[in-house]
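Here's the structure we're looking at; comments come further down.
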Amino acid sequence: MLYYRAVGMAAETEQERRQRRHQRTLFDSVAQLYEASRLGYPSDIVEVATAGLGAGSAVLEVGCGTGQLTECLASFGFRLTAIDLGPSMISAARRRLAGSAVLFEVASFEDFAAPEASFDLIVSGTAFHWVDPEVRFRKPARLLRPGGWLALLETGERYDEPFRAVLRGMWAARGGPGRPLVRQPHFADTEVIAGTGLFETPVHQAHTQRIVRAAETVVDVENTRATTLNWPDDIRRDFTEELRRHLRFQTEVQLTQETSVTMARVLPRRSPGRPEAPPTGR
């Protein structure tokens with residue numbers, strides 16, 4: 001068996017694991033709303049994530065959702081496999097890419113089965129933080145071919161003030177015990193990947209763009225957050241009503257879409273029995 005250095009990430013408690021695994025299933029219940037309201041990925045960032053790959057390269061997308069990123073990836077002519085644990089999400093993605101050669105599969109990354117060294121690129125868009133910590137980087141390192149890349153994309157909205165502060169207050173007011181705030185820590189950062197010992201030095205690139213969205217679309221977006229979906233129905237209704245009251249005199253909301261990609265090339269595999277190289281001090 002291949003030997004890997006232990007991944008340097010803090011372990012989660014059993015309660016945290018149950019909560020994370022429960023929350024990641026909630027998006028499937030709002031697949032239609034998610035598809036209609038969530039932002040896609042700027043072409044500049046997608047091109048960075050796929051640089052050096054040609055048509056026919058084997059690519060795995062983890063957590064494809066309703067196919068926003070999948071659609072971009074499919075245009076490059078990759079041999080693309082897209083997985084998501086939500087059946088409704090996969091159905092929406094299949095409709096979006098009807099007639100394409102993308103292979104879709106309802107599966108979590110933990111349960112997804114593929115031979116070692118199967119892919120040239122493993123990519124995930126704002127989804128990789130839902131993967132079990134002990135799997136999150138070890139499994140890509142096994143599934144990537146020599147020289148293959150892991151590319152983690154993130155995108156999100158930063159609303160202009162004063163609406164940003166209003167929304168933050170609304171989340172905080174509902175963030176009592178058992179109701180975590182919407183912003184959870186993500187793991188698509190250079191320090192975490194570098195600390196695994198499984199990849200070369202990661203690179204990071206960010207992209208921002210100013211956009212305007214319809215006020216009702218903003219309401220829809222905020223009702224597709226994992227935390228919102230985790231609330232009881234009465235709290236979610238109260239939140240939605242308050243949000244609409246704040247936006248009742250606006251038809252549009254101005255914001256900045258913030259997108260980034262963090263990517264790293266997998267390190268060469270060591271032969272069985274070969275001792276681990278001493279730390280380089282990076």
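Following the order of the structure tokens, first chain is A, next is B, and so on, with residues numbered from 1 inside each chain and ligands from 1 in the order they appear.
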
Can you list, as a VMD selection string, all residues belonging to segment 37-198 of chain A that DSSP tags as alpha helix (DSSP H)?
chain A and resid 37 43 to 49 68 to 74 87 to 96 133 to 136 138 to 143 163 to 173 190 to 195

Please save N, CA and C atoms of the selected residues as a short mmCIF file (atom, residue, chain, number, x, y, z; two decimals), in the first residue's frame.
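What ended up in out36.cif:
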```cif
data_model
loop_
_atom_site.label_atom_id
_atom_site.label_comp_id
_atom_site.auth_asym_id
_atom_site.auth_seq_id
_atom_site.Cartn_x
_atom_site.Cartn_y
_atom_site.Cartn_z
N SER A 37 -31.07 30.62 -8.58
CA SER A 37 -30.57 31.80 -7.87
C SER A 37 -29.06 31.84 -7.65
N SER A 43 -15.37 32.89 -16.05
CA SER A 43 -14.55 32.10 -16.97
C SER A 43 -13.07 32.24 -16.66
N ASP A 44 -12.63 33.40 -16.16
CA ASP A 44 -11.21 33.59 -15.84
C ASP A 44 -10.73 32.57 -14.81
N ILE A 45 -11.54 32.33 -13.78
CA ILE A 45 -11.16 31.40 -12.73
C ILE A 45 -11.22 29.96 -13.24
N VAL A 46 -12.22 29.64 -14.04
CA VAL A 46 -12.32 28.28 -14.59
C VAL A 46 -11.12 27.99 -15.48
N GLU A 47 -10.68 28.97 -16.25
CA GLU A 47 -9.53 28.77 -17.12
C GLU A 47 -8.26 28.54 -16.32
N VAL A 48 -8.10 29.22 -15.19
CA VAL A 48 -6.95 28.97 -14.32
C VAL A 48 -6.99 27.54 -13.79
N ALA A 49 -8.16 27.11 -13.34
CA ALA A 49 -8.30 25.78 -12.73
C ALA A 49 -8.03 24.66 -13.72
N GLN A 68 -23.65 24.33 -12.53
CA GLN A 68 -23.11 25.61 -12.99
C GLN A 68 -21.67 25.48 -13.46
N LEU A 69 -20.82 24.89 -12.62
CA LEU A 69 -19.42 24.69 -12.99
C LEU A 69 -19.28 23.57 -14.01
N THR A 70 -20.10 22.55 -13.89
CA THR A 70 -20.04 21.41 -14.82
C THR A 70 -20.19 21.87 -16.26
N GLU A 71 -21.11 22.79 -16.47
CA GLU A 71 -21.35 23.29 -17.83
C GLU A 71 -20.11 23.95 -18.42
N CYS A 72 -19.40 24.70 -17.58
CA CYS A 72 -18.15 25.32 -18.04
C CYS A 72 -17.10 24.26 -18.36
N LEU A 73 -16.95 23.28 -17.48
CA LEU A 73 -15.95 22.24 -17.69
C LEU A 73 -16.25 21.41 -18.93
N ALA A 74 -17.52 21.14 -19.18
CA ALA A 74 -17.89 20.31 -20.32
C ALA A 74 -17.50 20.96 -21.64
N PRO A 87 -29.80 13.46 -5.31
CA PRO A 87 -30.44 13.01 -6.55
C PRO A 87 -31.11 14.15 -7.32
N SER A 88 -31.74 15.08 -6.62
CA SER A 88 -32.39 16.20 -7.30
C SER A 88 -31.37 17.12 -7.93
N MET A 89 -30.24 17.30 -7.27
CA MET A 89 -29.16 18.11 -7.84
C MET A 89 -28.65 17.47 -9.14
N ILE A 90 -28.42 16.17 -9.10
CA ILE A 90 -27.93 15.47 -10.29
C ILE A 90 -28.96 15.53 -11.41
N SER A 91 -30.23 15.40 -11.08
CA SER A 91 -31.27 15.50 -12.12
C SER A 91 -31.25 16.87 -12.78
N ALA A 92 -31.10 17.93 -11.98
CA ALA A 92 -31.04 19.28 -12.53
C ALA A 92 -29.81 19.45 -13.42
N ALA A 93 -28.68 18.90 -12.98
CA ALA A 93 -27.45 19.01 -13.77
C ALA A 93 -27.58 18.23 -15.08
N ARG A 94 -28.21 17.08 -15.03
CA ARG A 94 -28.41 16.31 -16.26
C ARG A 94 -29.29 17.08 -17.25
N ARG A 95 -30.32 17.76 -16.74
CA ARG A 95 -31.18 18.55 -17.63
C ARG A 95 -30.39 19.70 -18.25
N ARG A 96 -29.57 20.34 -17.42
CA ARG A 96 -28.77 21.47 -17.91
C ARG A 96 -27.82 21.03 -19.02
N PRO A 133 -13.04 15.19 6.84
CA PRO A 133 -11.67 15.68 6.92
C PRO A 133 -10.62 14.63 6.60
N GLU A 134 -10.83 13.39 7.04
CA GLU A 134 -9.80 12.36 6.82
C GLU A 134 -9.76 11.88 5.38
N VAL A 135 -10.77 12.25 4.60
CA VAL A 135 -10.84 11.87 3.19
C VAL A 135 -10.46 13.03 2.28
N ARG A 136 -10.66 14.23 2.75
CA ARG A 136 -10.65 15.45 1.94
C ARG A 136 -9.43 15.58 1.06
N ARG A 138 -6.54 13.05 1.28
CA ARG A 138 -5.92 11.75 1.01
C ARG A 138 -6.50 11.10 -0.24
N LYS A 139 -7.81 11.16 -0.38
CA LYS A 139 -8.43 10.48 -1.52
C LYS A 139 -8.06 11.14 -2.85
N PRO A 140 -8.08 12.47 -2.97
CA PRO A 140 -7.59 13.06 -4.22
C PRO A 140 -6.16 12.65 -4.54
N ALA A 141 -5.31 12.57 -3.52
CA ALA A 141 -3.92 12.19 -3.76
C ALA A 141 -3.83 10.79 -4.34
N ARG A 142 -4.76 9.91 -3.97
CA ARG A 142 -4.78 8.54 -4.53
C ARG A 142 -5.36 8.52 -5.93
N LEU A 143 -6.38 9.32 -6.16
CA LEU A 143 -7.10 9.24 -7.43
C LEU A 143 -6.43 10.03 -8.55
N PHE A 163 -26.85 47.06 3.63
CA PHE A 163 -27.56 45.78 3.62
C PHE A 163 -26.69 44.66 4.19
N ARG A 164 -25.41 44.71 3.95
CA ARG A 164 -24.52 43.66 4.45
C ARG A 164 -24.61 43.56 5.96
N ALA A 165 -24.56 44.70 6.65
CA ALA A 165 -24.63 44.70 8.11
C ALA A 165 -26.00 44.25 8.60
N VAL A 166 -27.06 44.65 7.90
CA VAL A 166 -28.41 44.23 8.26
C VAL A 166 -28.52 42.72 8.20
N LEU A 167 -28.05 42.13 7.10
CA LEU A 167 -28.14 40.69 6.94
C LEU A 167 -27.30 39.96 7.98
N ARG A 168 -26.11 40.50 8.26
CA ARG A 168 -25.26 39.89 9.28
C ARG A 168 -25.97 39.87 10.64
N GLY A 169 -26.66 40.96 10.95
CA GLY A 169 -27.41 41.01 12.20
C GLY A 169 -28.56 40.02 12.24
N MET A 170 -29.20 39.83 11.10
CA MET A 170 -30.30 38.87 11.04
C MET A 170 -29.81 37.44 11.27
N TRP A 171 -28.66 37.11 10.69
CA TRP A 171 -28.08 35.78 10.93
C TRP A 171 -27.69 35.63 12.40
N ALA A 172 -27.03 36.64 12.94
CA ALA A 172 -26.57 36.55 14.33
C ALA A 172 -27.74 36.39 15.29
N ALA A 173 -28.85 37.07 15.02
CA ALA A 173 -30.01 36.99 15.90
C ALA A 173 -30.60 35.59 15.94
N THR A 190 -4.27 27.70 1.01
CA THR A 190 -2.93 27.17 0.75
C THR A 190 -2.29 26.54 1.98
N GLU A 191 -2.56 27.10 3.16
CA GLU A 191 -1.92 26.57 4.36
C GLU A 191 -2.36 25.14 4.65
N VAL A 192 -3.66 24.88 4.53
CA VAL A 192 -4.15 23.55 4.83
C VAL A 192 -3.62 22.53 3.83
N ILE A 193 -3.69 22.87 2.55
CA ILE A 193 -3.21 21.93 1.53
C ILE A 193 -1.71 21.67 1.69
N ALA A 194 -0.95 22.73 1.92
CA ALA A 194 0.49 22.57 2.11
C ALA A 194 0.79 21.69 3.31
N GLY A 195 -0.03 21.78 4.35
CA GLY A 195 0.20 21.01 5.56
C GLY A 195 -0.08 19.54 5.44
#
```

Residue neighbourhood segment 249-265 of chain A, 6 Å, only C-alpha atoms, exclusion window fewer than 3 positions, as a count of residues only:
30

Restricting the calculation to only C-alpha atoms, which member of A:Tyr41, A:Glu161, A:Asp233, A:Val102 is positioned closest to Gly77 of chain A?
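Residue with the minimum atom-to-atom distance to Gly77 of chain A: A:Val102.
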
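Atom CA of Phe76 of chain A is positioned 6.1 Å from atom CA of Ala55 of chain A.
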
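Of the residues under consideration (A:His246, A:Leu198, A:Arg174, A:Ser124), A:Arg174 shows the shortest atom-to-atom contact distance to Pro232 of chain A when counting only C-alpha atoms.
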
Using Å and a single decimal, report how far atom CA of Ala58 of chain A sits from atom CA of Leu80 of chain A.
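Pair atom CA of Leu80 of chain A / atom CA of Ala58 of chain A returns 6.1 Å.
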
I'd like to know which of A:Thr50, A:Ser75, A:Thr224, A:Thr201 is closest to Ile122 of chain A, using only C-alpha atoms.
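Under the stated criterion, the closest residue is A:Thr50.
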
Using only C-alpha atoms, find the one residue out of A:Trp130, A:Thr240, A:Arg225, A:Leu144 that sits nearest to Gln19 of chain A.
A:Trp130

Of A:Arg18, A:Arg244, A:Arg79, A:His129, the one sitting nearest Val62 of chain A when using only C-alpha atoms is A:His129

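For the pair atom CA of Val221 of chain A and atom CA of Phe109 of chain A, the interatomic distance is 24.9 Å.
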